[in-house]
$ cat final06.csv   # CSV, C-alpha atoms
chain,number,residue,atom,x,y,z
A,1,MET,CA,0.0,0.0,0.0
A,2,SER,CA,1.5,3.4,-1.0
A,3,GLU,CA,2.1,6.1,1.5
A,4,SER,CA,-0.4,8.4,-0.3
A,5,SER,CA,-3.1,5.8,-0.3
A,6,GLU,CA,-2.5,5.1,3.4
A,7,ARG,CA,-2.9,8.8,4.1
A,8,ASP,CA,-6.2,8.8,2.1
A,9,ASP,CA,-7.5,5.8,4.1
A,10,ARG,CA,-6.6,7.5,7.5
A,11,HIS,CA,-8.3,10.6,6.2
A,12,LYS,CA,-11.4,8.6,5.3
A,13,ALA,CA,-11.7,7.0,8.7
A,14,ARG,CA,-11.2,10.4,10.4
A,15,MET,CA,-13.9,12.0,8.2
A,16,GLN,CA,-16.3,9.1,8.9
A,17,ARG,CA,-16.0,9.7,12.7
A,18,LYS,CA,-16.4,13.4,12.1
A,19,LYS,CA,-19.5,12.9,10.0
A,20,ALA,CA,-21.1,10.7,12.8
A,21,LEU,CA,-20.4,13.5,15.3
A,22,ILE,CA,-21.9,16.2,13.1
A,23,ASP,CA,-25.0,14.2,12.3
A,24,GLU,CA,-25.5,13.7,16.1
A,25,LYS,CA,-25.3,17.4,16.7
A,26,ILE,CA,-27.7,18.2,13.9
A,27,ALA,CA,-30.2,15.7,15.5
A,28,GLU,CA,-29.8,17.4,18.9
A,29,ALA,CA,-30.5,20.8,17.5
A,30,GLN,CA,-34.2,20.2,16.9
A,31,ASP,CA,-35.4,22.2,19.9
A,32,GLU,CA,-35.1,25.7,18.4
A,33,TYR,CA,-35.5,28.9,20.2
A,34,GLY,CA,-34.2,32.4,19.7
A,35,LEU,CA,-30.7,33.1,20.9
A,36,LEU,CA,-29.2,36.2,22.4
A,37,LEU,CA,-25.8,36.7,20.9
A,38,VAL,CA,-23.2,39.3,22.1
A,39,HIS,CA,-20.3,40.5,19.9
A,40,THR,CA,-17.7,42.3,22.0
A,41,GLY,CA,-14.0,43.0,22.2
A,42,ASN,CA,-11.6,45.5,20.7
A,43,GLY,CA,-11.2,43.7,17.3
A,44,LYS,CA,-12.9,44.2,14.0
A,45,GLY,CA,-16.0,42.3,12.9
A,46,LYS,CA,-18.5,42.9,15.7
A,47,SER,CA,-20.9,44.8,13.5
A,48,SER,CA,-19.9,43.2,10.3
A,49,SER,CA,-20.7,39.7,11.5
A,50,ALA,CA,-24.1,40.9,12.8
A,51,PHE,CA,-24.8,42.2,9.2
A,52,GLY,CA,-23.6,38.9,7.8
A,53,MET,CA,-26.3,37.3,9.9
A,54,VAL,CA,-28.8,39.7,8.4
A,55,ALA,CA,-27.9,38.5,5.0
A,56,ARG,CA,-28.2,34.9,6.1
A,57,ALA,CA,-31.6,35.5,7.7
A,58,LEU,CA,-32.9,37.2,4.5
A,59,GLY,CA,-31.7,34.2,2.5
A,60,HIS,CA,-33.9,32.1,4.7
A,61,GLY,CA,-36.9,34.4,4.2
A,62,ILE,CA,-36.7,35.7,7.8
A,63,LYS,CA,-37.6,39.4,8.5
A,64,VAL,CA,-35.0,41.5,10.2
A,65,GLY,CA,-35.0,44.7,12.4
A,66,VAL,CA,-31.8,46.8,12.8
A,67,VAL,CA,-31.3,49.6,15.2
A,68,GLN,CA,-27.9,51.4,15.0
A,69,PHE,CA,-27.2,53.2,18.3
A,70,ILE,CA,-24.1,55.0,17.0
A,71,LYS,CA,-24.2,56.3,13.5
A,72,GLY,CA,-20.9,55.4,11.9
A,73,ALA,CA,-19.1,58.3,10.2
A,74,ALA,CA,-17.6,55.8,7.7
A,75,SER,CA,-19.4,52.5,7.3
A,76,THR,CA,-22.8,53.5,6.0
A,77,GLY,CA,-22.4,50.8,3.3
A,78,GLU,CA,-24.6,48.3,5.2
A,79,GLU,CA,-27.2,50.9,5.7
A,80,ALA,CA,-27.3,51.9,2.0
A,81,PHE,CA,-27.5,48.2,1.0
A,82,PHE,CA,-30.1,46.9,3.4
A,83,ARG,CA,-32.3,49.9,2.9
A,84,ARG,CA,-32.9,48.5,-0.6
A,85,PHE,CA,-35.2,45.9,1.0
A,86,PRO,CA,-37.8,47.9,3.0
A,87,ASP,CA,-40.2,45.0,3.1
A,88,GLU,CA,-37.7,42.6,4.6
A,89,VAL,CA,-35.5,44.9,6.8
A,90,ARG,CA,-36.7,47.6,9.2
A,91,TYR,CA,-33.7,49.8,9.5
A,92,HIS,CA,-33.3,52.6,12.0
A,93,VAL,CA,-30.3,54.8,12.6
A,94,MET,CA,-30.5,56.9,15.7
A,95,GLY,CA,-28.9,60.1,16.6
A,96,GLU,CA,-26.9,62.4,14.3
A,97,GLY,CA,-23.3,61.7,13.8
A,98,PHE,CA,-21.0,60.3,16.4
A,99,THR,CA,-21.5,61.4,20.0
A,100,TRP,CA,-18.2,63.3,19.8
A,101,GLU,CA,-19.6,65.3,16.9
A,102,THR,CA,-22.6,66.5,19.0
A,103,GLN,CA,-20.8,67.1,22.4
A,104,ASP,CA,-24.1,67.4,24.1
A,105,ARG,CA,-24.8,64.6,26.6
A,106,GLN,CA,-28.4,65.4,27.4
A,107,ARG,CA,-29.2,65.3,23.7
A,108,ASP,CA,-27.4,62.0,23.2
A,109,ILE,CA,-29.5,60.5,26.1
A,110,ALA,CA,-32.7,61.6,24.5
A,111,LYS,CA,-31.7,60.2,21.2
A,112,ALA,CA,-30.7,56.9,22.8
A,113,ARG,CA,-34.1,56.6,24.5
A,114,GLU,CA,-35.9,57.3,21.2
A,115,ALA,CA,-33.8,54.5,19.6
A,116,TRP,CA,-34.7,52.1,22.4
A,117,ALA,CA,-38.4,52.8,21.9
A,118,VAL,CA,-37.9,51.6,18.3
A,119,ALA,CA,-35.9,48.6,19.5
A,120,ALA,CA,-38.6,47.7,22.0
A,121,GLU,CA,-41.2,47.6,19.2
A,122,LEU,CA,-39.1,45.3,17.1
A,123,LEU,CA,-38.5,43.1,20.2
A,124,ALA,CA,-42.3,42.8,20.6
A,125,ASP,CA,-43.0,41.9,17.0
A,126,PRO,CA,-43.2,38.1,16.3
A,127,GLU,CA,-42.9,38.7,12.6
A,128,ILE,CA,-39.3,39.8,13.1
A,129,GLY,CA,-37.0,36.8,13.4
A,130,LEU,CA,-33.7,38.7,14.0
A,131,VAL,CA,-33.1,42.0,15.8
A,132,VAL,CA,-29.7,43.6,15.5
A,133,LEU,CA,-28.9,46.2,18.3
A,134,ASP,CA,-25.7,47.6,16.8
A,135,GLU,CA,-23.4,49.4,19.2
A,136,LEU,CA,-25.9,49.1,22.0
A,137,ASN,CA,-23.0,48.3,24.4
A,138,ILE,CA,-21.6,51.8,23.8
A,139,ALA,CA,-25.0,53.4,24.7
A,140,LEU,CA,-25.0,51.3,27.9
A,141,LYS,CA,-21.4,52.1,28.7
A,142,TYR,CA,-21.9,55.9,28.4
A,143,GLY,CA,-25.0,55.5,30.7
A,144,TYR,CA,-27.4,56.7,27.9
A,145,LEU,CA,-29.6,53.7,28.7
A,146,GLU,CA,-30.0,51.6,31.8
A,147,LEU,CA,-29.4,47.9,31.6
A,148,ALA,CA,-32.4,46.6,33.6
A,149,PRO,CA,-35.2,47.9,31.3
A,150,VAL,CA,-33.1,47.0,28.2
A,151,LEU,CA,-32.7,43.4,29.4
A,152,ALA,CA,-36.4,43.2,30.4
A,153,ASP,CA,-37.4,44.0,26.8
A,154,ILE,CA,-34.9,41.6,25.4
A,155,GLU,CA,-36.0,38.7,27.7
A,156,SER,CA,-39.7,39.1,27.0
A,157,ARG,CA,-39.3,38.9,23.2
A,158,PRO,CA,-41.0,36.2,21.1
A,159,LEU,CA,-39.7,32.7,21.6
A,160,LEU,CA,-38.1,32.2,18.2
A,161,GLN,CA,-36.6,35.7,17.8
A,162,HIS,CA,-32.8,36.0,17.7
A,163,VAL,CA,-31.1,39.1,19.0
A,164,VAL,CA,-27.5,40.3,18.3
A,165,VAL,CA,-26.0,43.0,20.5
A,166,THR,CA,-22.7,44.5,19.4
A,167,GLY,CA,-20.1,46.9,20.8
A,168,ARG,CA,-17.0,47.0,23.0
A,169,GLY,CA,-17.4,46.6,26.7
A,170,ALA,CA,-20.5,44.4,27.0
A,171,PRO,CA,-21.8,44.9,30.6
A,172,PRO,CA,-21.6,41.8,32.8
A,173,GLY,CA,-25.4,41.6,33.2
A,174,LEU,CA,-25.8,41.3,29.4
A,175,VAL,CA,-23.0,38.7,29.2
A,176,GLU,CA,-24.8,36.7,31.9
A,177,ALA,CA,-28.1,36.8,30.0
A,178,ALA,CA,-26.5,35.9,26.6
A,179,ASP,CA,-26.5,32.4,25.1
A,180,THR,CA,-23.3,33.1,23.2
A,181,VAL,CA,-20.6,35.7,23.7
A,182,THR,CA,-17.9,36.2,21.1
A,183,GLU,CA,-14.9,38.4,21.7
A,184,MET,CA,-13.3,39.8,18.6
A,185,ALA,CA,-9.6,40.4,19.4
A,186,LEU,CA,-7.4,42.4,17.0
A,187,VAL,CA,-4.0,40.9,16.3
A,188,LYS,CA,-2.2,44.0,14.9
A,189,HIS,CA,0.5,43.3,12.4
A,190,ALA,CA,1.8,40.7,14.8
A,191,PHE,CA,4.5,39.2,12.6
A,192,LYS,CA,5.2,42.4,10.6
A,193,ALA,CA,6.1,44.3,13.7
A,194,GLY,CA,8.4,41.5,14.8
A,195,VAL,CA,6.2,40.9,17.8
A,196,LYS,CA,5.8,37.3,19.0
A,197,ALA,CA,2.4,35.7,18.2
A,198,GLN,CA,0.0,36.4,21.0
A,199,LYS,CA,-1.0,33.6,23.3
A,200,GLY,CA,-4.4,32.1,22.4
A,201,VAL,CA,-4.2,33.1,18.8
A,202,GLU,CA,-4.2,30.0,16.7
A,203,PHE,CA,-1.2,30.3,14.4
B,1,MET,CA,-22.6,74.4,39.2
B,2,SER,CA,-24.7,71.2,39.6
B,3,GLU,CA,-23.1,67.8,39.6
B,4,SER,CA,-25.0,66.8,36.5
B,5,SER,CA,-23.9,69.9,34.5
B,6,GLU,CA,-20.3,69.3,35.6
B,7,ARG,CA,-20.6,65.7,34.3
B,8,ASP,CA,-21.9,67.1,31.0
B,9,ASP,CA,-19.0,69.5,30.7
B,10,ARG,CA,-16.4,66.9,31.4
B,11,HIS,CA,-18.2,64.7,28.8
B,12,LYS,CA,-18.0,67.6,26.3
B,13,ALA,CA,-14.3,68.2,26.8
B,14,ARG,CA,-13.6,64.4,26.4
B,15,MET,CA,-15.6,64.2,23.3
B,16,GLN,CA,-13.9,67.3,21.8
B,17,ARG,CA,-10.5,65.6,22.3
B,18,LYS,CA,-11.9,62.4,20.8
B,19,LYS,CA,-13.2,64.3,17.7
B,20,ALA,CA,-9.8,65.9,17.1
B,21,LEU,CA,-8.2,62.4,17.2
B,22,ILE,CA,-10.8,60.9,14.8
B,23,ASP,CA,-10.5,63.8,12.4
B,24,GLU,CA,-6.7,63.3,12.3
B,25,LYS,CA,-7.1,59.6,11.6
B,26,ILE,CA,-9.6,60.3,8.8
B,27,ALA,CA,-7.1,62.8,7.2
B,28,GLU,CA,-4.3,60.2,7.4
B,29,ALA,CA,-6.4,57.5,5.7
B,30,GLN,CA,-6.2,59.2,2.2
B,31,ASP,CA,-3.6,56.8,0.8
B,32,GLU,CA,-6.0,53.9,0.1
B,33,TYR,CA,-4.9,50.5,-1.0
B,34,GLY,CA,-6.5,47.1,-0.8
B,35,LEU,CA,-6.1,45.2,2.4
B,36,LEU,CA,-5.6,41.6,3.2
B,37,LEU,CA,-7.8,40.6,6.2
B,38,VAL,CA,-7.7,37.3,8.0
B,39,HIS,CA,-10.5,36.1,10.3
B,40,THR,CA,-9.5,33.2,12.4
B,41,GLY,CA,-10.0,31.6,15.8
B,42,ASN,CA,-12.5,29.2,17.3
B,43,GLY,CA,-15.4,31.6,17.8
B,44,LYS,CA,-18.3,32.6,15.7
B,45,GLY,CA,-18.4,35.4,13.2
B,46,LYS,CA,-15.5,34.6,10.9
B,47,SER,CA,-17.6,34.1,7.9
B,48,SER,CA,-20.5,36.2,9.0
B,49,SER,CA,-18.3,39.3,9.3
B,50,ALA,CA,-16.9,38.6,5.8
B,51,PHE,CA,-20.5,38.6,4.5
B,52,GLY,CA,-21.2,41.7,6.4
B,53,MET,CA,-18.3,43.3,4.5
B,54,VAL,CA,-19.9,42.1,1.3
B,55,ALA,CA,-23.1,44.0,2.2
B,56,ARG,CA,-21.1,47.1,3.0
B,57,ALA,CA,-19.2,46.9,-0.3
B,58,LEU,CA,-22.4,46.5,-2.3
B,59,GLY,CA,-23.8,49.5,-0.4
B,60,HIS,CA,-20.8,51.5,-1.7
B,61,GLY,CA,-21.3,50.2,-5.3
B,62,ILE,CA,-18.3,47.9,-5.2
B,63,LYS,CA,-18.4,44.6,-7.0
B,64,VAL,CA,-17.6,41.5,-5.0
B,65,GLY,CA,-16.4,37.9,-5.6
B,66,VAL,CA,-17.0,35.1,-3.2
B,67,VAL,CA,-15.5,31.6,-3.2
B,68,GLN,CA,-16.7,29.2,-0.5
B,69,PHE,CA,-14.1,26.5,-0.1
B,70,ILE,CA,-16.3,24.4,2.2
B,71,LYS,CA,-19.9,24.2,1.5
B,72,GLY,CA,-21.7,24.6,4.8
B,73,ALA,CA,-24.4,22.1,5.6
B,74,ALA,CA,-26.4,24.7,7.4
B,75,SER,CA,-25.6,28.3,6.6
B,76,THR,CA,-26.7,28.5,3.0
B,77,GLY,CA,-28.6,31.7,3.8
B,78,GLU,CA,-25.9,34.0,2.6
B,79,GLU,CA,-25.6,32.1,-0.6
B,80,ALA,CA,-29.3,32.3,-1.3
B,81,PHE,CA,-29.3,36.0,-0.5
B,82,PHE,CA,-26.3,37.2,-2.4
B,83,ARG,CA,-27.1,35.1,-5.5
B,84,ARG,CA,-30.0,37.6,-5.9
B,85,PHE,CA,-27.5,40.0,-7.2
B,86,PRO,CA,-25.7,38.3,-10.1
B,87,ASP,CA,-24.5,41.5,-11.6
B,88,GLU,CA,-22.9,42.7,-8.4
B,89,VAL,CA,-21.7,39.4,-6.7
B,90,ARG,CA,-19.8,36.6,-8.4
B,91,TYR,CA,-20.6,33.7,-6.1
B,92,HIS,CA,-19.0,30.3,-6.3
B,93,VAL,CA,-19.4,27.4,-4.0
B,94,MET,CA,-17.0,24.6,-4.6
B,95,GLY,CA,-17.1,20.9,-3.8
B,96,GLU,CA,-20.2,19.0,-2.8
B,97,GLY,CA,-21.0,18.8,0.9
B,98,PHE,CA,-18.5,18.8,3.7
B,99,THR,CA,-15.4,16.9,3.2
B,100,TRP,CA,-16.6,14.4,5.9
B,101,GLU,CA,-19.6,13.7,3.6
B,102,THR,CA,-17.4,12.7,0.7
B,103,GLN,CA,-14.6,10.9,2.5
B,104,ASP,CA,-12.5,10.9,-0.7
B,105,ARG,CA,-9.3,13.0,-0.3
B,106,GLN,CA,-8.2,13.0,-3.9
B,107,ARG,CA,-11.6,14.2,-5.0
B,108,ASP,CA,-11.5,17.0,-2.4
B,109,ILE,CA,-8.0,18.1,-3.6
B,110,ALA,CA,-9.3,18.2,-7.2
B,111,LYS,CA,-12.3,20.3,-6.1
B,112,ALA,CA,-10.1,22.7,-4.1
B,113,ARG,CA,-7.9,23.2,-7.1
B,114,GLU,CA,-10.9,24.0,-9.3
B,115,ALA,CA,-12.1,26.5,-6.6
B,116,TRP,CA,-8.7,28.1,-6.5
B,117,ALA,CA,-8.7,28.6,-10.3
B,118,VAL,CA,-11.9,30.6,-9.8
B,119,ALA,CA,-10.4,32.6,-7.0
B,120,ALA,CA,-7.3,33.3,-9.1
B,121,GLU,CA,-9.6,34.8,-11.8
B,122,LEU,CA,-11.3,37.1,-9.3
B,123,LEU,CA,-7.9,38.1,-7.9
B,124,ALA,CA,-6.8,39.2,-11.3
B,125,ASP,CA,-10.0,41.2,-12.1
B,126,PRO,CA,-9.6,44.9,-11.3
B,127,GLU,CA,-13.4,45.4,-11.5
B,128,ILE,CA,-13.8,43.3,-8.4
B,129,GLY,CA,-13.2,45.4,-5.3
B,130,LEU,CA,-13.6,42.7,-2.6
B,131,VAL,CA,-12.8,39.0,-2.8
B,132,VAL,CA,-14.0,36.7,0.0
B,133,LEU,CA,-12.1,33.4,0.3
B,134,ASP,CA,-14.4,31.7,2.8
B,135,GLU,CA,-12.9,28.8,4.7
B,136,LEU,CA,-9.7,28.9,2.6
B,137,ASN,CA,-7.8,28.3,5.9
B,138,ILE,CA,-9.4,24.8,6.1
B,139,ALA,CA,-8.4,23.9,2.6
B,140,LEU,CA,-4.8,25.0,3.4
B,141,LYS,CA,-4.9,23.1,6.8
B,142,TYR,CA,-6.0,19.8,5.2
B,143,GLY,CA,-3.2,20.3,2.6
B,144,TYR,CA,-5.7,20.5,-0.3
B,145,LEU,CA,-3.9,23.7,-1.5
B,146,GLU,CA,-0.4,24.9,-1.0
B,147,LEU,CA,0.2,28.2,0.6
B,148,ALA,CA,2.9,29.5,-1.8
B,149,PRO,CA,0.9,29.7,-5.0
B,150,VAL,CA,-2.1,30.9,-3.1
B,151,LEU,CA,-0.1,33.8,-1.6
B,152,ALA,CA,1.4,34.6,-4.9
B,153,ASP,CA,-2.0,35.1,-6.5
B,154,ILE,CA,-3.2,37.2,-3.5
B,155,GLU,CA,-0.2,39.4,-3.5
B,156,SER,CA,-0.3,40.1,-7.2
B,157,ARG,CA,-3.9,41.3,-7.1
B,158,PRO,CA,-5.0,44.8,-8.2
B,159,LEU,CA,-3.8,47.6,-6.0
B,160,LEU,CA,-7.2,48.6,-4.6
B,161,GLN,CA,-8.7,45.1,-4.2
B,162,HIS,CA,-9.5,43.9,-0.7
B,163,VAL,CA,-9.3,40.3,0.2
B,164,VAL,CA,-10.8,38.5,3.3
B,165,VAL,CA,-9.7,35.0,4.2
B,166,THR,CA,-11.7,33.1,6.8
B,167,GLY,CA,-11.4,29.9,8.7
B,168,ARG,CA,-9.8,28.4,11.9
B,169,GLY,CA,-6.0,27.8,12.0
B,170,ALA,CA,-4.8,30.5,9.6
B,171,PRO,CA,-1.2,29.4,8.6
B,172,PRO,CA,1.7,31.6,9.8
B,173,GLY,CA,2.7,32.7,6.3
B,174,LEU,CA,-0.8,34.0,5.6
B,175,VAL,CA,-0.8,35.8,9.0
B,176,GLU,CA,2.5,37.3,8.1
B,177,ALA,CA,1.2,38.6,4.8
B,178,ALA,CA,-2.0,40.0,6.2
B,179,ASP,CA,-2.7,43.7,7.0
B,180,THR,CA,-5.2,42.8,9.8
B,181,VAL,CA,-5.7,39.6,11.6
B,182,THR,CA,-8.8,39.2,13.9
B,183,GLU,CA,-9.2,36.3,16.2
B,184,MET,CA,-12.8,35.4,17.0
B,185,ALA,CA,-12.8,33.8,20.5
B,186,LEU,CA,-15.9,32.0,21.8
B,187,VAL,CA,-16.8,32.7,25.4
B,188,LYS,CA,-19.1,29.8,26.1
B,189,HIS,CA,-21.8,30.4,28.7
B,190,ALA,CA,-19.1,31.8,30.9
B,191,PHE,CA,-21.3,33.1,33.7
B,192,LYS,CA,-24.1,30.6,33.2
B,193,ALA,CA,-21.8,27.7,33.8
B,194,GLY,CA,-20.4,29.3,36.9
B,195,VAL,CA,-17.0,29.6,35.3
B,196,LYS,CA,-15.0,32.8,36.1
B,197,ALA,CA,-14.9,35.3,33.3
B,198,GLN,CA,-11.9,34.5,31.0
B,199,LYS,CA,-8.9,36.8,31.0
B,200,GLY,CA,-8.8,39.2,28.2
B,201,VAL,CA,-12.6,39.3,27.7
B,202,GLU,CA,-13.8,42.7,28.4
B,203,PHE,CA,-16.6,42.4,31.0
$ encode --input "final06.csv" --output "structure tokens"
Amino acid sequence: MSESSERDDRHKARMQRKKALIDEKIAEAQDEYGLLLVHTGNGKGKSSSAFGMVARALGHGIKVGVVQFIKGAASTGEEAFFRRFPDEVRYHVMGEGFTWETQDRQRDIAKAREAWAVAAELLADPEIGLVVLDELNIALKYGYLELAPVLADIESRPLLQHVVVTGRGAPPGLVEAADTVTEMALVKHAFKAGVKAQKGVEF
Amino acid sequence: MSESSERDDRHKARMQRKKALIDEKIAEAQDEYGLLLVHTGNGKGKSSSAFGMVARALGHGIKVGVVQFIKGAASTGEEAFFRRFPDEVRYHVMGEGFTWETQDRQRDIAKAREAWAVAAELLADPEIGLVVLDELNIALKYGYLELAPVLADIESRPLLQHVVVTGRGAPPGLVEAADTVTEMALVKHAFKAGVKAQKGVEF
């Protein structure tokens, strides 16, 4: 038996075991319910991956609600794109420019409360299968919104509705309530700068 | 002066400094060129955030190419959605089912090479502003593709074209070549399971 064909056989056996495990997991996943996902950390991808989930949901015919709590100066691309589908995506951008553009805390608080009123409507609508609360963590961190009423609205949502909350510095109470928490960690030019690969990064 | 109005003033001063810094960064970012981004790690969001970038690019009128190196059993939502825009997104899914469905290594290698031929075409097309190479890291990890020719095609792409590579276990050579590497780390039910919050996770 050649070395290459032995390698192929080992591969086949390994893949058969893997298939059995995957099939088992799929069978277990029948009890569906809406998840609360939190994307936090200093790295990139917190909002992008929420918007990727929007695309995925739309591909499955699921209606989506989006509330952006901090209007990005730069990345308005998602907004322009998803506003093409008003029947499928309810898209709300709150406030006007970054908070460091307005420099008026009381006004920011009022805008955040208006934004939460829209979020609460989406969280009460069983026709919406996915709600994205983009940069909500920032609004909580600055004290524009209080966690308790926010969590109460999230936890009383329809059984099958998924919620994704993004932003740095997710508060502990939100992390506790979440089904899945993902930390996006930025590895900056690790090799280029001659810095040793950071622990926990898989390369 | 009341405590609340003092807090508002401190907030205003802090936000003014922040605005000055942000304006400076925006001014610096005039020299644009295409970036090579790598999304790796064991957490969720590696592919989703690439697909969020697809939505963002489309919102900016940028054409996109996608090659999926491992066909997902479950998340075909993005594919269904982005195939609605054949003039804006060139979408290719290679192979047939997961590799543990086929259990034939030589066939997987042939499929991966076919997929790379499509990727190489996208990487040579100056009309494509963003190329997503989804789960390429897995194809490299299993040895279906060699890193050197893959990197050569990536590095000879048009000046303004962005590339996103996703998948666990990004190889060191790819990390070295990348402009930005993000590790998505999963924090599993940390509080729920009574486990102490993991170091480096910001909560």
$ atom_distance --input "final06.csv" --atom1 "atom CA of A:Gly41" --atom2 "atom CA of A:Leu133"
15.7 Å
$ atom_distance --input "final06.csv" --atom1 "atom CA of A:Leu174" --atom2 "atom CA of A:Leu136"
10.8 Å
$ interface_residues --input "final06.csv" --of "chain A" --to "chain B" --cutoff "6 Å" --atoms "only C-alpha atoms" --output "PyMOL selection string"
chain A and resi 8+12+15+19+45+48-49+51-53+55-56+59-60+77-78+80-81+100+103+105+169-172+176+181-187+191+202-203
$ atom_distance --input "final06.csv" --atom1 "atom CA of B:Leu160" --atom2 "atom CA of B:Gly65"
14.1 Å
$ residues_around --input "final06.csv" --residues "A:Lys63" --least-positions-apart "6" --cutoff "9 Å" --atoms "all atoms listed in the file" --output "PDB file with C-alpha atoms, keeping the file's coordinate frame"
ATOM      1  CA  VAL A  54     -28.800  39.700   8.400  1.00  0.00           C
ATOM      2  CA  ALA A  57     -31.600  35.500   7.700  1.00  0.00           C
ATOM      3  CA  ASP A  87     -40.200  45.000   3.100  1.00  0.00           C
ATOM      4  CA  GLU A  88     -37.700  42.600   4.600  1.00  0.00           C
ATOM      5  CA  VAL A  89     -35.500  44.900   6.800  1.00  0.00           C
ATOM      6  CA  ARG A  90     -36.700  47.600   9.200  1.00  0.00           C
ATOM      7  CA  GLU A 127     -42.900  38.700  12.600  1.00  0.00           C
ATOM      8  CA  ILE A 128     -39.300  39.800  13.100  1.00  0.00           C
ATOM      9  CA  GLY A 129     -37.000  36.800  13.400  1.00  0.00           C
ATOM     10  CA  LEU A 130     -33.700  38.700  14.000  1.00  0.00           C
ATOM     11  CA  VAL A 131     -33.100  42.000  15.800  1.00  0.00           C
TER      12      VAL A 131
END
